[in-house]
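Structure first, commentary second.
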Amino acid sequence: MSTVARQLDTSELEQRVKRMYEEVALEPEREFHFETGRPLAERLGYPPADLDRIPAAAIDSFAGVGYFLDLAAITPGETVLDLGSGSGTDSFLAAVATTEAGRVVGIDMTHQQLAKARRLTAEAGFTQISFRNGYIERPPVDEAAFDCVISNGVVNLSPDKPAVFAAAARALRPGGRLALADIVTAAQLPEGVTCDASLWAACIGGAMQRDGYRAAIEAAGFQIETWRQNTEYRFVSERADNATQKYGVTSISLLARRS
Ligand SMILES: C[S@@+](CC[C@H](N)C(=O)[O-])C[C@H]1O[C@@H](n2cnc3c(N)ncnc32)[C@H](O)[C@@H]1O
């Protein structure tokens with residue numbers, strides 16, 4: 001089942017999303033519809049002392065929408081899958097938590113994000129992390145291989161959210177956790193917004209109505225244990241902010257458990 005309106009050209013959307021996050025990887029200092037970097041991460045609640053333990057250049061390209069690693073509560077020796085890992089901020093923080101006794105796999109479809117994350121991993125000597133090219137709807141990983149699936153600001157970009165949640169459930173062992181931050185809406189977005197590829201790539205156009213979003217997670221075999229709204233996240237361009245106000249576009253963090 002696709003959650004996207006008929007008029008949206010999904011291959012054009014994929015190209016737009018890739019172009020936008022290629023720029024986030026290569027030129028993080030540029031202005032986007034959304035904030036990026038360490039000031040954003042700290043405002044969202046990432047502890048500065050944790051950020052000090054990972055490569056600064058990864059954080060420069062951080063484009064997440066909320067803090068959720070407290071909900072993930074990753075422990076040494078665990079296996080973690082990061083869907084839409086970008087330049088790697090959450091993967092690196094997860095790797096600090098798993099220690100070398102565990103393993104972290106990041107998946108992303110944008111070549112420049114992967115290249116940056118891989119380079120920083122090698123430079124910083126994080127032997128427990130690997131980054132793979134792939135789609136979050138069908139990540140190239142084994143079934144039931146992970147204790148925890150994480151994701152930040154990515155599921156809203158997918159035109160097929162039920163496929164993403166089903167893939168997360170498949171990747172998790174029974175009892176495994178899904179912990180993420182994402183964008184959802186109070187009201188269903190009209191087609192004028194959902195069919196605007198630029199608003200979609202900015203993490204607004206693809207945002208799902210929150211009850212439908214919760215239902216899609218539960219339909220994949222999860223129980224939602226925590227759901228919280230992140231008031232610290234805001235969009236920066238006027239266009240993005242207008243859509244945000246009108247349709248109740250908000251950031252949330254959640255923890256769900258696979259039965
Ligand atoms: C908003 S950024 C967030 C990156 C990272 N999680 C962070 O917090 O900085 C979204 C990332 O998801 C990737 N992405 C979007 N849709 C994807 C898909 N369907 N499959 C794989 N990666 C995807 C993009 O390439 C981009 O790197």
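Going by the structure tokens order, chains are called A, B, ..., each with residues numbered from 1, while ligands are numbered from 1 in the order shown.
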
Original post:
Got a sec to check which residues lie within 7 Å of ligand 1, using only C-alpha atoms and all ligand atoms, and send them as an MDAnalysis selection string?
Top reply: chainID A and resid 17:18 21 61:65 83:90 107:110 113 134:137 151:154 157:158 203

Identify all residues of region 5-177 of chain A in helix (DSSP H, G or I) (DSSP on the backbone) and supply them as an mmCIF file with N, CA, C and O atoms, in the first residue's frame.
data_model
loop_
_atom_site.group_PDB
_atom_site.id
_atom_site.type_symbol
_atom_site.label_atom_id
_atom_site.label_comp_id
_atom_site.auth_asym_id
_atom_site.auth_seq_id
_atom_site.Cartn_x
_atom_site.Cartn_y
_atom_site.Cartn_z
ATOM 1 N N THR A 10 7.169 9.734 -7.945
ATOM 2 C CA THR A 10 8.100 9.265 -6.912
ATOM 3 C C THR A 10 9.544 9.194 -7.405
ATOM 4 O O THR A 10 10.460 9.329 -6.606
ATOM 5 N N SER A 11 9.749 9.016 -8.718
ATOM 6 C CA SER A 11 11.160 8.997 -9.145
ATOM 7 C C SER A 11 11.729 10.418 -9.156
ATOM 8 O O SER A 11 12.889 10.637 -8.813
ATOM 9 N N GLU A 12 10.870 11.413 -9.487
ATOM 10 C CA GLU A 12 11.334 12.805 -9.399
ATOM 11 C C GLU A 12 11.622 13.136 -7.932
ATOM 12 O O GLU A 12 12.619 13.769 -7.593
ATOM 13 N N LEU A 13 10.728 12.663 -7.060
ATOM 14 C CA LEU A 13 10.906 12.920 -5.628
ATOM 15 C C LEU A 13 12.245 12.354 -5.135
ATOM 16 O O LEU A 13 12.994 13.022 -4.426
ATOM 17 N N GLU A 14 12.534 11.116 -5.544
ATOM 18 C CA GLU A 14 13.796 10.501 -5.100
ATOM 19 C C GLU A 14 14.992 11.348 -5.545
ATOM 20 O O GLU A 14 15.923 11.580 -4.773
ATOM 21 N N GLN A 15 14.946 11.835 -6.782
ATOM 22 C CA GLN A 15 16.060 12.665 -7.275
ATOM 23 C C GLN A 15 16.180 13.947 -6.459
ATOM 24 O O GLN A 15 17.264 14.389 -6.107
ATOM 25 N N ARG A 16 15.027 14.567 -6.138
ATOM 26 C CA ARG A 16 15.026 15.798 -5.339
ATOM 27 C C ARG A 16 15.611 15.566 -3.955
ATOM 28 O O ARG A 16 16.382 16.362 -3.442
ATOM 29 N N VAL A 17 15.171 14.459 -3.331
ATOM 30 C CA VAL A 17 15.642 14.146 -1.980
ATOM 31 C C VAL A 17 17.148 13.909 -2.028
ATOM 32 O O VAL A 17 17.903 14.424 -1.207
ATOM 33 N N LYS A 18 17.598 13.152 -3.031
ATOM 34 C CA LYS A 18 19.035 12.889 -3.143
ATOM 35 C C LYS A 18 19.815 14.176 -3.342
ATOM 36 O O LYS A 18 20.859 14.382 -2.723
ATOM 37 N N ARG A 19 19.278 15.069 -4.218
ATOM 38 C CA ARG A 19 19.995 16.334 -4.463
ATOM 39 C C ARG A 19 20.096 17.158 -3.196
ATOM 40 O O ARG A 19 21.136 17.735 -2.870
ATOM 41 N N MET A 20 18.975 17.200 -2.449
ATOM 42 C CA MET A 20 18.985 18.017 -1.233
ATOM 43 C C MET A 20 19.994 17.474 -0.215
ATOM 44 O O MET A 20 20.791 18.225 0.354
ATOM 45 N N TYR A 21 20.012 16.149 -0.012
ATOM 46 C CA TYR A 21 20.883 15.608 1.037
ATOM 47 C C TYR A 21 22.328 15.426 0.557
ATOM 48 O O TYR A 21 23.238 15.350 1.381
ATOM 49 N N GLU A 22 22.524 15.462 -0.746
ATOM 50 C CA GLU A 22 23.885 15.566 -1.282
ATOM 51 C C GLU A 22 24.461 16.927 -0.853
ATOM 52 O O GLU A 22 25.593 17.030 -0.379
ATOM 53 N N GLU A 23 23.629 17.986 -0.963
ATOM 54 C CA GLU A 23 24.091 19.317 -0.537
ATOM 55 C C GLU A 23 24.331 19.360 0.964
ATOM 56 O O GLU A 23 25.281 19.980 1.436
ATOM 57 N N VAL A 24 23.459 18.694 1.730
ATOM 58 C CA VAL A 24 23.630 18.679 3.186
ATOM 59 C C VAL A 24 24.961 18.006 3.544
ATOM 60 O O VAL A 24 25.661 18.427 4.467
ATOM 61 N N ALA A 25 25.354 16.977 2.770
ATOM 62 C CA ALA A 25 26.624 16.294 3.027
ATOM 63 C C ALA A 25 27.814 17.163 2.629
ATOM 64 O O ALA A 25 28.786 17.277 3.371
ATOM 65 N N LEU A 26 27.705 17.794 1.437
ATOM 66 C CA LEU A 26 28.875 18.482 0.887
ATOM 67 C C LEU A 26 28.999 19.933 1.327
ATOM 68 O O LEU A 26 30.097 20.452 1.469
ATOM 69 N N GLY A 37 23.179 20.866 11.740
ATOM 70 C CA GLY A 37 24.401 21.080 12.504
ATOM 71 C C GLY A 37 24.291 20.970 14.011
ATOM 72 O O GLY A 37 23.254 20.634 14.568
ATOM 73 N N ARG A 38 25.399 21.268 14.665
ATOM 74 C CA ARG A 38 25.491 21.087 16.125
ATOM 75 C C ARG A 38 24.525 21.985 16.919
ATOM 76 O O ARG A 38 23.916 21.508 17.891
ATOM 77 N N PRO A 39 24.337 23.259 16.536
ATOM 78 C CA PRO A 39 23.368 24.065 17.309
ATOM 79 C C PRO A 39 21.976 23.420 17.305
ATOM 80 O O PRO A 39 21.292 23.403 18.330
ATOM 81 N N LEU A 40 21.574 22.874 16.152
ATOM 82 C CA LEU A 40 20.282 22.179 16.076
ATOM 83 C C LEU A 40 20.286 20.955 16.995
ATOM 84 O O LEU A 40 19.353 20.758 17.791
ATOM 85 N N ALA A 41 21.329 20.143 16.900
ATOM 86 C CA ALA A 41 21.387 18.918 17.706
ATOM 87 C C ALA A 41 21.287 19.251 19.201
ATOM 88 O O ALA A 41 20.527 18.614 19.945
ATOM 89 N N GLU A 42 22.004 20.281 19.618
ATOM 90 C CA GLU A 42 21.974 20.636 21.047
ATOM 91 C C GLU A 42 20.596 21.150 21.451
ATOM 92 O O GLU A 42 20.088 20.823 22.527
ATOM 93 N N ARG A 43 19.960 21.939 20.586
ATOM 94 C CA ARG A 43 18.622 22.451 20.928
ATOM 95 C C ARG A 43 17.606 21.312 21.023
ATOM 96 O O ARG A 43 16.693 21.332 21.843
ATOM 97 N N LEU A 44 17.797 20.282 20.183
ATOM 98 C CA LEU A 44 16.860 19.145 20.212
ATOM 99 C C LEU A 44 17.054 18.267 21.450
ATOM 100 O O LEU A 44 16.217 17.413 21.740
ATOM 101 N N PRO A 48 25.691 17.597 24.897
ATOM 102 C CA PRO A 48 26.953 18.060 24.305
ATOM 103 C C PRO A 48 28.111 17.094 24.573
ATOM 104 O O PRO A 48 28.954 16.879 23.699
ATOM 105 N N ALA A 49 28.141 16.502 25.758
ATOM 106 C CA ALA A 49 29.256 15.592 26.074
ATOM 107 C C ALA A 49 29.237 14.372 25.156
ATOM 108 O O ALA A 49 30.301 13.831 24.811
ATOM 109 N N ASP A 50 28.052 13.922 24.747
ATOM 110 C CA ASP A 50 27.965 12.799 23.799
ATOM 111 C C ASP A 50 28.444 13.250 22.419
ATOM 112 O O ASP A 50 29.177 12.529 21.728
ATOM 113 N N LEU A 51 28.027 14.451 22.013
ATOM 114 C CA LEU A 51 28.425 14.962 20.696
ATOM 115 C C LEU A 51 29.942 15.135 20.614
ATOM 116 O O LEU A 51 30.536 14.964 19.548
ATOM 117 N N ALA A 56 33.139 15.730 14.453
ATOM 118 C CA ALA A 56 32.444 17.025 14.334
ATOM 119 C C ALA A 56 31.866 17.217 12.931
ATOM 120 O O ALA A 56 30.799 17.814 12.758
ATOM 121 N N ALA A 57 32.555 16.702 11.914
ATOM 122 C CA ALA A 57 32.078 16.900 10.536
ATOM 123 C C ALA A 57 30.777 16.145 10.274
ATOM 124 O O ALA A 57 29.987 16.537 9.416
ATOM 125 N N ALA A 58 30.543 15.055 11.015
ATOM 126 C CA ALA A 58 29.257 14.348 10.884
ATOM 127 C C ALA A 58 28.148 15.242 11.425
ATOM 128 O O ALA A 58 27.083 15.398 10.800
ATOM 129 N N ILE A 59 28.409 15.862 12.565
ATOM 130 C CA ILE A 59 27.388 16.721 13.198
ATOM 131 C C ILE A 59 27.108 17.958 12.336
ATOM 132 O O ILE A 59 25.982 18.449 12.298
ATOM 133 N N ASP A 60 28.130 18.456 11.603
ATOM 134 C CA ASP A 60 27.896 19.604 10.703
ATOM 135 C C ASP A 60 26.757 19.301 9.737
ATOM 136 O O ASP A 60 25.990 20.178 9.363
ATOM 137 N N LEU A 69 17.493 9.109 21.377
ATOM 138 C CA LEU A 69 18.433 8.064 21.799
ATOM 139 C C LEU A 69 18.248 7.688 23.269
ATOM 140 O O LEU A 69 18.627 6.589 23.681
ATOM 141 N N ASP A 70 17.640 8.583 24.067
ATOM 142 C CA ASP A 70 17.296 8.218 25.449
ATOM 143 C C ASP A 70 16.242 7.110 25.434
ATOM 144 O O ASP A 70 16.254 6.201 26.261
ATOM 145 N N LEU A 71 15.319 7.171 24.464
ATOM 146 C CA LEU A 71 14.280 6.129 24.354
ATOM 147 C C LEU A 71 14.892 4.823 23.839
ATOM 148 O O LEU A 71 14.486 3.728 24.249
ATOM 149 N N ALA A 72 15.853 4.944 22.935
ATOM 150 C CA ALA A 72 16.489 3.740 22.367
ATOM 151 C C ALA A 72 17.260 2.982 23.442
ATOM 152 O O ALA A 72 17.314 1.746 23.431
ATOM 153 N N THR A 89 25.531 11.015 12.285
ATOM 154 C CA THR A 89 25.502 11.446 13.696
ATOM 155 C C THR A 89 24.922 10.373 14.622
ATOM 156 O O THR A 89 25.556 9.972 15.605
ATOM 157 N N ASP A 90 23.709 9.887 14.324
ATOM 158 C CA ASP A 90 23.079 8.913 15.237
ATOM 159 C C ASP A 90 23.786 7.562 15.196
ATOM 160 O O ASP A 90 23.850 6.868 16.212
ATOM 161 N N SER A 91 24.337 7.185 14.037
ATOM 162 C CA SER A 91 25.089 5.925 13.956
ATOM 163 C C SER A 91 26.325 5.992 14.849
ATOM 164 O O SER A 91 26.646 5.040 15.552
ATOM 165 N N PHE A 92 27.021 7.130 14.810
ATOM 166 C CA PHE A 92 28.218 7.266 15.656
ATOM 167 C C PHE A 92 27.840 7.233 17.133
ATOM 168 O O PHE A 92 28.505 6.571 17.939
ATOM 169 N N LEU A 93 26.755 7.928 17.490
ATOM 170 C CA LEU A 93 26.345 7.928 18.904
ATOM 171 C C LEU A 93 25.895 6.528 19.331
ATOM 172 O O LEU A 93 26.191 6.085 20.447
ATOM 173 N N ALA A 94 25.220 5.820 18.437
ATOM 174 C CA ALA A 94 24.818 4.443 18.744
ATOM 175 C C ALA A 94 26.048 3.564 18.934
ATOM 176 O O ALA A 94 26.086 2.699 19.825
ATOM 177 N N ALA A 95 27.078 3.818 18.116
ATOM 178 C CA ALA A 95 28.301 3.006 18.204
ATOM 179 C C ALA A 95 29.056 3.261 19.506
ATOM 180 O O ALA A 95 29.679 2.351 20.057
ATOM 181 N N VAL A 96 28.973 4.496 20.010
ATOM 182 C CA VAL A 96 29.575 4.781 21.324
ATOM 183 C C VAL A 96 28.835 3.936 22.371
ATOM 184 O O VAL A 96 29.449 3.366 23.273
ATOM 185 N N ALA A 97 27.512 3.831 22.222
ATOM 186 C CA ALA A 97 26.713 3.083 23.209
ATOM 187 C C ALA A 97 26.901 1.566 23.083
ATOM 188 O O ALA A 97 26.931 0.856 24.094
ATOM 189 N N THR A 98 27.038 1.050 21.867
ATOM 190 C CA THR A 98 27.192 -0.414 21.726
ATOM 191 C C THR A 98 28.581 -0.855 22.152
ATOM 192 O O THR A 98 28.775 -2.009 22.526
ATOM 193 N N HIS A 111 24.586 8.878 -2.223
ATOM 194 C CA HIS A 111 25.994 8.496 -2.321
ATOM 195 C C HIS A 111 26.910 9.405 -1.496
ATOM 196 O O HIS A 111 27.789 8.941 -0.762
ATOM 197 N N GLN A 112 26.681 10.730 -1.582
ATOM 198 C CA GLN A 112 27.594 11.673 -0.904
ATOM 199 C C GLN A 112 27.481 11.567 0.618
ATOM 200 O O GLN A 112 28.450 11.795 1.335
ATOM 201 N N GLN A 113 26.293 11.256 1.122
ATOM 202 C CA GLN A 113 26.130 11.064 2.570
ATOM 203 C C GLN A 113 26.902 9.811 2.998
ATOM 204 O O GLN A 113 27.632 9.823 3.990
ATOM 205 N N LEU A 114 26.743 8.740 2.224
ATOM 206 C CA LEU A 114 27.442 7.486 2.543
ATOM 207 C C LEU A 114 28.957 7.686 2.509
ATOM 208 O O LEU A 114 29.672 7.220 3.390
ATOM 209 N N ALA A 115 29.421 8.386 1.458
ATOM 210 C CA ALA A 115 30.869 8.576 1.300
ATOM 211 C C ALA A 115 31.431 9.338 2.492
ATOM 212 O O ALA A 115 32.482 8.995 3.038
ATOM 213 N N LYS A 116 30.695 10.376 2.925
ATOM 214 C CA LYS A 116 31.169 11.174 4.063
ATOM 215 C C LYS A 116 31.173 10.330 5.337
ATOM 216 O O LYS A 116 32.155 10.331 6.098
ATOM 217 N N ALA A 117 30.074 9.598 5.564
ATOM 218 C CA ALA A 117 29.970 8.779 6.789
ATOM 219 C C ALA A 117 31.069 7.707 6.809
ATOM 220 O O ALA A 117 31.690 7.469 7.853
ATOM 221 N N ARG A 118 31.336 7.109 5.667
ATOM 222 C CA ARG A 118 32.374 6.063 5.618
ATOM 223 C C ARG A 118 33.756 6.653 5.865
ATOM 224 O O ARG A 118 34.566 6.074 6.582
ATOM 225 N N ARG A 119 34.018 7.808 5.253
ATOM 226 C CA ARG A 119 35.329 8.445 5.447
ATOM 227 C C ARG A 119 35.542 8.773 6.923
ATOM 228 O O ARG A 119 36.584 8.464 7.514
ATOM 229 N N LEU A 120 34.516 9.350 7.557
ATOM 230 C CA LEU A 120 34.646 9.742 8.974
ATOM 231 C C LEU A 120 34.786 8.518 9.876
ATOM 232 O O LEU A 120 35.509 8.547 10.871
ATOM 233 N N THR A 121 34.107 7.433 9.504
ATOM 234 C CA THR A 121 34.207 6.190 10.295
ATOM 235 C C THR A 121 35.640 5.675 10.277
ATOM 236 O O THR A 121 36.196 5.302 11.313
ATOM 237 N N ALA A 122 36.229 5.685 9.075
ATOM 238 C CA ALA A 122 37.609 5.186 8.944
ATOM 239 C C ALA A 122 38.572 6.097 9.694
ATOM 240 O O ALA A 122 39.437 5.628 10.449
ATOM 241 N N GLU A 123 38.387 7.423 9.523
ATOM 242 C CA GLU A 123 39.302 8.376 10.176
ATOM 243 C C GLU A 123 39.235 8.274 11.695
ATOM 244 O O GLU A 123 40.240 8.373 12.389
ATOM 245 N N ALA A 124 38.019 8.075 12.222
ATOM 246 C CA ALA A 124 37.853 8.060 13.690
ATOM 247 C C ALA A 124 38.054 6.660 14.274
ATOM 248 O O ALA A 124 38.060 6.501 15.492
ATOM 249 N N VAL A 155 11.618 8.796 7.818
ATOM 250 C CA VAL A 155 10.430 8.043 7.376
ATOM 251 C C VAL A 155 9.466 8.968 6.631
ATOM 252 O O VAL A 155 8.835 8.573 5.644
ATOM 253 N N ASN A 156 9.392 10.247 7.058
ATOM 254 C CA ASN A 156 8.487 11.187 6.367
ATOM 255 C C ASN A 156 8.866 11.348 4.902
ATOM 256 O O ASN A 156 8.020 11.734 4.092
ATOM 257 N N LEU A 157 10.111 11.078 4.554
ATOM 258 C CA LEU A 157 10.558 11.255 3.164
ATOM 259 C C LEU A 157 10.164 10.075 2.280
ATOM 260 O O LEU A 157 10.290 10.138 1.062
ATOM 261 N N LYS A 161 5.467 4.445 3.648
ATOM 262 C CA LYS A 161 5.804 4.302 5.070
ATOM 263 C C LYS A 161 5.482 2.913 5.636
ATOM 264 O O LYS A 161 6.272 2.359 6.421
ATOM 265 N N PRO A 162 4.341 2.299 5.254
ATOM 266 C CA PRO A 162 4.105 0.932 5.758
ATOM 267 C C PRO A 162 5.240 -0.021 5.395
ATOM 268 O O PRO A 162 5.599 -0.896 6.186
ATOM 269 N N ALA A 163 5.841 0.150 4.212
ATOM 270 C CA ALA A 163 6.969 -0.719 3.823
ATOM 271 C C ALA A 163 8.169 -0.482 4.739
ATOM 272 O O ALA A 163 8.895 -1.420 5.080
ATOM 273 N N VAL A 164 8.380 0.763 5.155
ATOM 274 C CA VAL A 164 9.514 1.063 6.051
ATOM 275 C C VAL A 164 9.299 0.396 7.407
ATOM 276 O O VAL A 164 10.218 -0.241 7.952
ATOM 277 N N PHE A 165 8.085 0.512 7.951
ATOM 278 C CA PHE A 165 7.836 -0.092 9.273
ATOM 279 C C PHE A 165 7.887 -1.625 9.190
ATOM 280 O O PHE A 165 8.378 -2.280 10.109
ATOM 281 N N ALA A 166 7.397 -2.177 8.076
ATOM 282 C CA ALA A 166 7.472 -3.640 7.900
ATOM 283 C C ALA A 166 8.932 -4.078 7.803
ATOM 284 O O ALA A 166 9.325 -5.112 8.377
ATOM 285 N N ALA A 167 9.768 -3.297 7.119
ATOM 286 C CA ALA A 167 11.196 -3.634 6.992
ATOM 287 C C ALA A 167 11.879 -3.556 8.355
ATOM 288 O O ALA A 167 12.724 -4.399 8.686
ATOM 289 N N ALA A 168 11.486 -2.560 9.165
ATOM 290 C CA ALA A 168 12.070 -2.430 10.512
ATOM 291 C C ALA A 168 11.696 -3.653 11.349
ATOM 292 O O ALA A 168 12.534 -4.225 12.056
ATOM 293 N N ALA A 169 10.437 -4.070 11.247
ATOM 294 C CA ALA A 169 9.985 -5.239 12.027
ATOM 295 C C ALA A 169 10.741 -6.497 11.596
ATOM 296 O O ALA A 169 11.145 -7.304 12.437
ATOM 297 N N ARG A 170 10.944 -6.651 10.292
ATOM 298 C CA ARG A 170 11.672 -7.833 9.783
ATOM 299 C C ARG A 170 13.120 -7.858 10.271
ATOM 300 O O ARG A 170 13.665 -8.901 10.593
ATOM 301 N N ALA A 171 13.725 -6.678 10.330
ATOM 302 C CA ALA A 171 15.145 -6.606 10.722
ATOM 303 C C ALA A 171 15.347 -6.873 12.213
ATOM 304 O O ALA A 171 16.442 -7.245 12.632
#

Subject >> Minimum-distance residue to Asn230 (chain A), chosen among A:Ala73, A:Ala243, A:Val141, A:Leu180 (using only C-alpha atoms) >> reply: A:Leu180

**OP:** For CA of Glu143 (chain A) and CA of Ala201 (chain A), quote the distance in Å rounded to one decimal.
**Re:** 29.3 Å

Original post:
To one decimal place, how far is CA of Gly248 (chain A) from CA of Pro47 (chain A) in Å?
Top reply: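 About the pair CA of Gly248 (chain A) and CA of Pro47 (chain A): they are 27.5 Å apart.
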
**OP:** Mind checking which residues fall within 7 Å of Gln223 (chain A), counting only C-alpha atoms, ignoring those fewer than 3 positions away in the same chain, and posting them as an NGL selection string?
**Re:** :A and (218 or 256-258)

Original post:
If you run DSSP on the backbone, which residues of region 72-205 of chain A are strand (DSSP E or B), as JSON, numbers by chain?
Top reply: {"A": [79, 80, 81, 82, 83, 103, 104, 105, 106, 107, 108, 129, 130, 131, 132, 133, 146, 147, 148, 149, 150, 151, 152, 172, 173, 174, 175, 176, 177, 178, 179, 180, 181, 182, 183, 184, 185]}

**OP:** Quick one: everything within 8 Å of Trp227 (chain A), counting only C-alpha atoms, minus sequence neighbours fewer than 4 positions away in the same chain. Send it as an MDAnalysis selection string.
**Re:** chainID A and resid 252:255

Original post:
Which residues come within 12 Å of Lys246 (chain A), counting only C-alpha atoms, excluding same-chain residues fewer than 6 positions away, as a list in words?
Top reply: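 Skipping anything fewer than 6 positions along the chain leaves Thr185, Ala186, Ala187, Gln188, Leu189, Pro190, Val193, Ile204, Arg239 and Ala240 of chain A.
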
Can I get the selected residues back with all heavy atoms, as an mmCIF file, in the first residue's frame?
data_model
loop_
_atom_site.group_PDB
_atom_site.id
_atom_site.type_symbol
_atom_site.label_atom_id
_atom_site.label_comp_id
_atom_site.auth_asym_id
_atom_site.auth_seq_id
_atom_site.Cartn_x
_atom_site.Cartn_y
_atom_site.Cartn_z
ATOM 1 N N THR A 185 1.717 15.108 11.109
ATOM 2 C CA THR A 185 0.810 16.268 11.072
ATOM 3 C C THR A 185 -0.432 15.996 11.912
ATOM 4 O O THR A 185 -0.790 14.843 12.154
ATOM 5 C CB THR A 185 0.335 16.563 9.633
ATOM 6 O OG1 THR A 185 -0.485 15.471 9.189
ATOM 7 C CG2 THR A 185 1.497 16.735 8.686
ATOM 8 N N ALA A 186 -1.088 17.088 12.341
ATOM 9 C CA ALA A 186 -2.373 16.950 13.040
ATOM 10 C C ALA A 186 -3.464 16.707 11.998
ATOM 11 O O ALA A 186 -4.322 15.845 12.160
ATOM 12 C CB ALA A 186 -2.664 18.214 13.843
ATOM 13 N N ALA A 187 -3.432 17.473 10.910
ATOM 14 C CA ALA A 187 -4.439 17.361 9.846
ATOM 15 C C ALA A 187 -3.799 16.756 8.607
ATOM 16 O O ALA A 187 -2.615 16.973 8.343
ATOM 17 C CB ALA A 187 -4.972 18.749 9.520
ATOM 18 N N GLN A 188 -4.585 15.991 7.871
ATOM 19 C CA GLN A 188 -4.128 15.438 6.594
ATOM 20 C C GLN A 188 -3.679 16.583 5.678
ATOM 21 O O GLN A 188 -4.404 17.566 5.527
ATOM 22 C CB GLN A 188 -5.318 14.688 5.968
ATOM 23 C CG GLN A 188 -5.051 14.066 4.629
ATOM 24 C CD GLN A 188 -4.171 12.833 4.772
ATOM 25 O OE1 GLN A 188 -4.392 12.005 5.629
ATOM 26 N NE2 GLN A 188 -3.165 12.765 3.922
ATOM 27 N N LEU A 189 -2.501 16.483 5.081
ATOM 28 C CA LEU A 189 -2.033 17.544 4.185
ATOM 29 C C LEU A 189 -2.793 17.499 2.864
ATOM 30 O O LEU A 189 -3.079 16.420 2.354
ATOM 31 C CB LEU A 189 -0.535 17.371 3.900
ATOM 32 C CG LEU A 189 0.408 17.550 5.088
ATOM 33 C CD1 LEU A 189 1.836 17.156 4.694
ATOM 34 C CD2 LEU A 189 0.376 18.979 5.586
ATOM 35 N N PRO A 190 -3.110 18.667 2.286
ATOM 36 C CA PRO A 190 -3.785 18.677 0.979
ATOM 37 C C PRO A 190 -2.795 18.333 -0.142
ATOM 38 O O PRO A 190 -1.586 18.440 0.039
ATOM 39 C CB PRO A 190 -4.248 20.125 0.863
ATOM 40 C CG PRO A 190 -3.274 20.886 1.674
ATOM 41 C CD PRO A 190 -2.839 19.990 2.795
ATOM 42 N N VAL A 193 0.263 20.409 -1.099
ATOM 43 C CA VAL A 193 1.491 20.281 -0.306
ATOM 44 C C VAL A 193 2.151 18.924 -0.560
ATOM 45 O O VAL A 193 3.355 18.840 -0.787
ATOM 46 C CB VAL A 193 1.186 20.455 1.210
ATOM 47 C CG1 VAL A 193 2.445 20.242 2.038
ATOM 48 C CG2 VAL A 193 0.600 21.822 1.486
ATOM 49 N N ILE A 204 8.377 18.071 4.956
ATOM 50 C CA ILE A 204 7.017 18.504 5.289
ATOM 51 C C ILE A 204 5.996 17.759 4.430
ATOM 52 O O ILE A 204 5.056 17.144 4.947
ATOM 53 C CB ILE A 204 6.859 20.024 5.064
ATOM 54 C CG1 ILE A 204 7.777 20.763 6.029
ATOM 55 C CG2 ILE A 204 5.409 20.456 5.266
ATOM 56 C CD1 ILE A 204 7.853 22.229 5.775
ATOM 57 N N ARG A 239 7.839 29.646 3.667
ATOM 58 C CA ARG A 239 6.927 28.715 3.009
ATOM 59 C C ARG A 239 6.722 27.471 3.866
ATOM 60 O O ARG A 239 5.611 26.995 4.073
ATOM 61 C CB ARG A 239 7.541 28.316 1.670
ATOM 62 C CG ARG A 239 6.520 28.101 0.636
ATOM 63 C CD ARG A 239 7.135 28.194 -0.731
ATOM 64 N NE ARG A 239 6.577 27.089 -1.482
ATOM 65 C CZ ARG A 239 7.283 26.082 -1.933
ATOM 66 N NH1 ARG A 239 8.573 26.020 -1.740
ATOM 67 N NH2 ARG A 239 6.692 25.131 -2.601
ATOM 68 N N ALA A 240 7.851 26.972 4.372
ATOM 69 C CA ALA A 240 7.782 25.776 5.200
ATOM 70 C C ALA A 240 7.033 26.085 6.494
ATOM 71 O O ALA A 240 6.199 25.302 6.958
ATOM 72 C CB ALA A 240 9.191 25.285 5.504
#

Subject >> Near-Ile183 (chain A) list (6 Å; only C-alpha atoms; drop same-chain fewer than 2 positions) as a list in words >> reply: Ala207, Thr250 and Ser251 of chain A

Original post:
Please, what distance in Å, to one decimal, runs between CA of Gly206 (chain A) and CA of His33 (chain A)?
Top reply: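 Computing the Euclidean distance for CA of Gly206 (chain A) and CA of His33 (chain A) yields 14.3 Å.
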
Subject >> Residue contacts of Phe235 (chain A) (9 Å, only C-alpha atoms) excluding same-chain residues fewer than 5 positions away, as a PyMOL selection string >> reply: chain A and resi 33-35+202+240-241+244
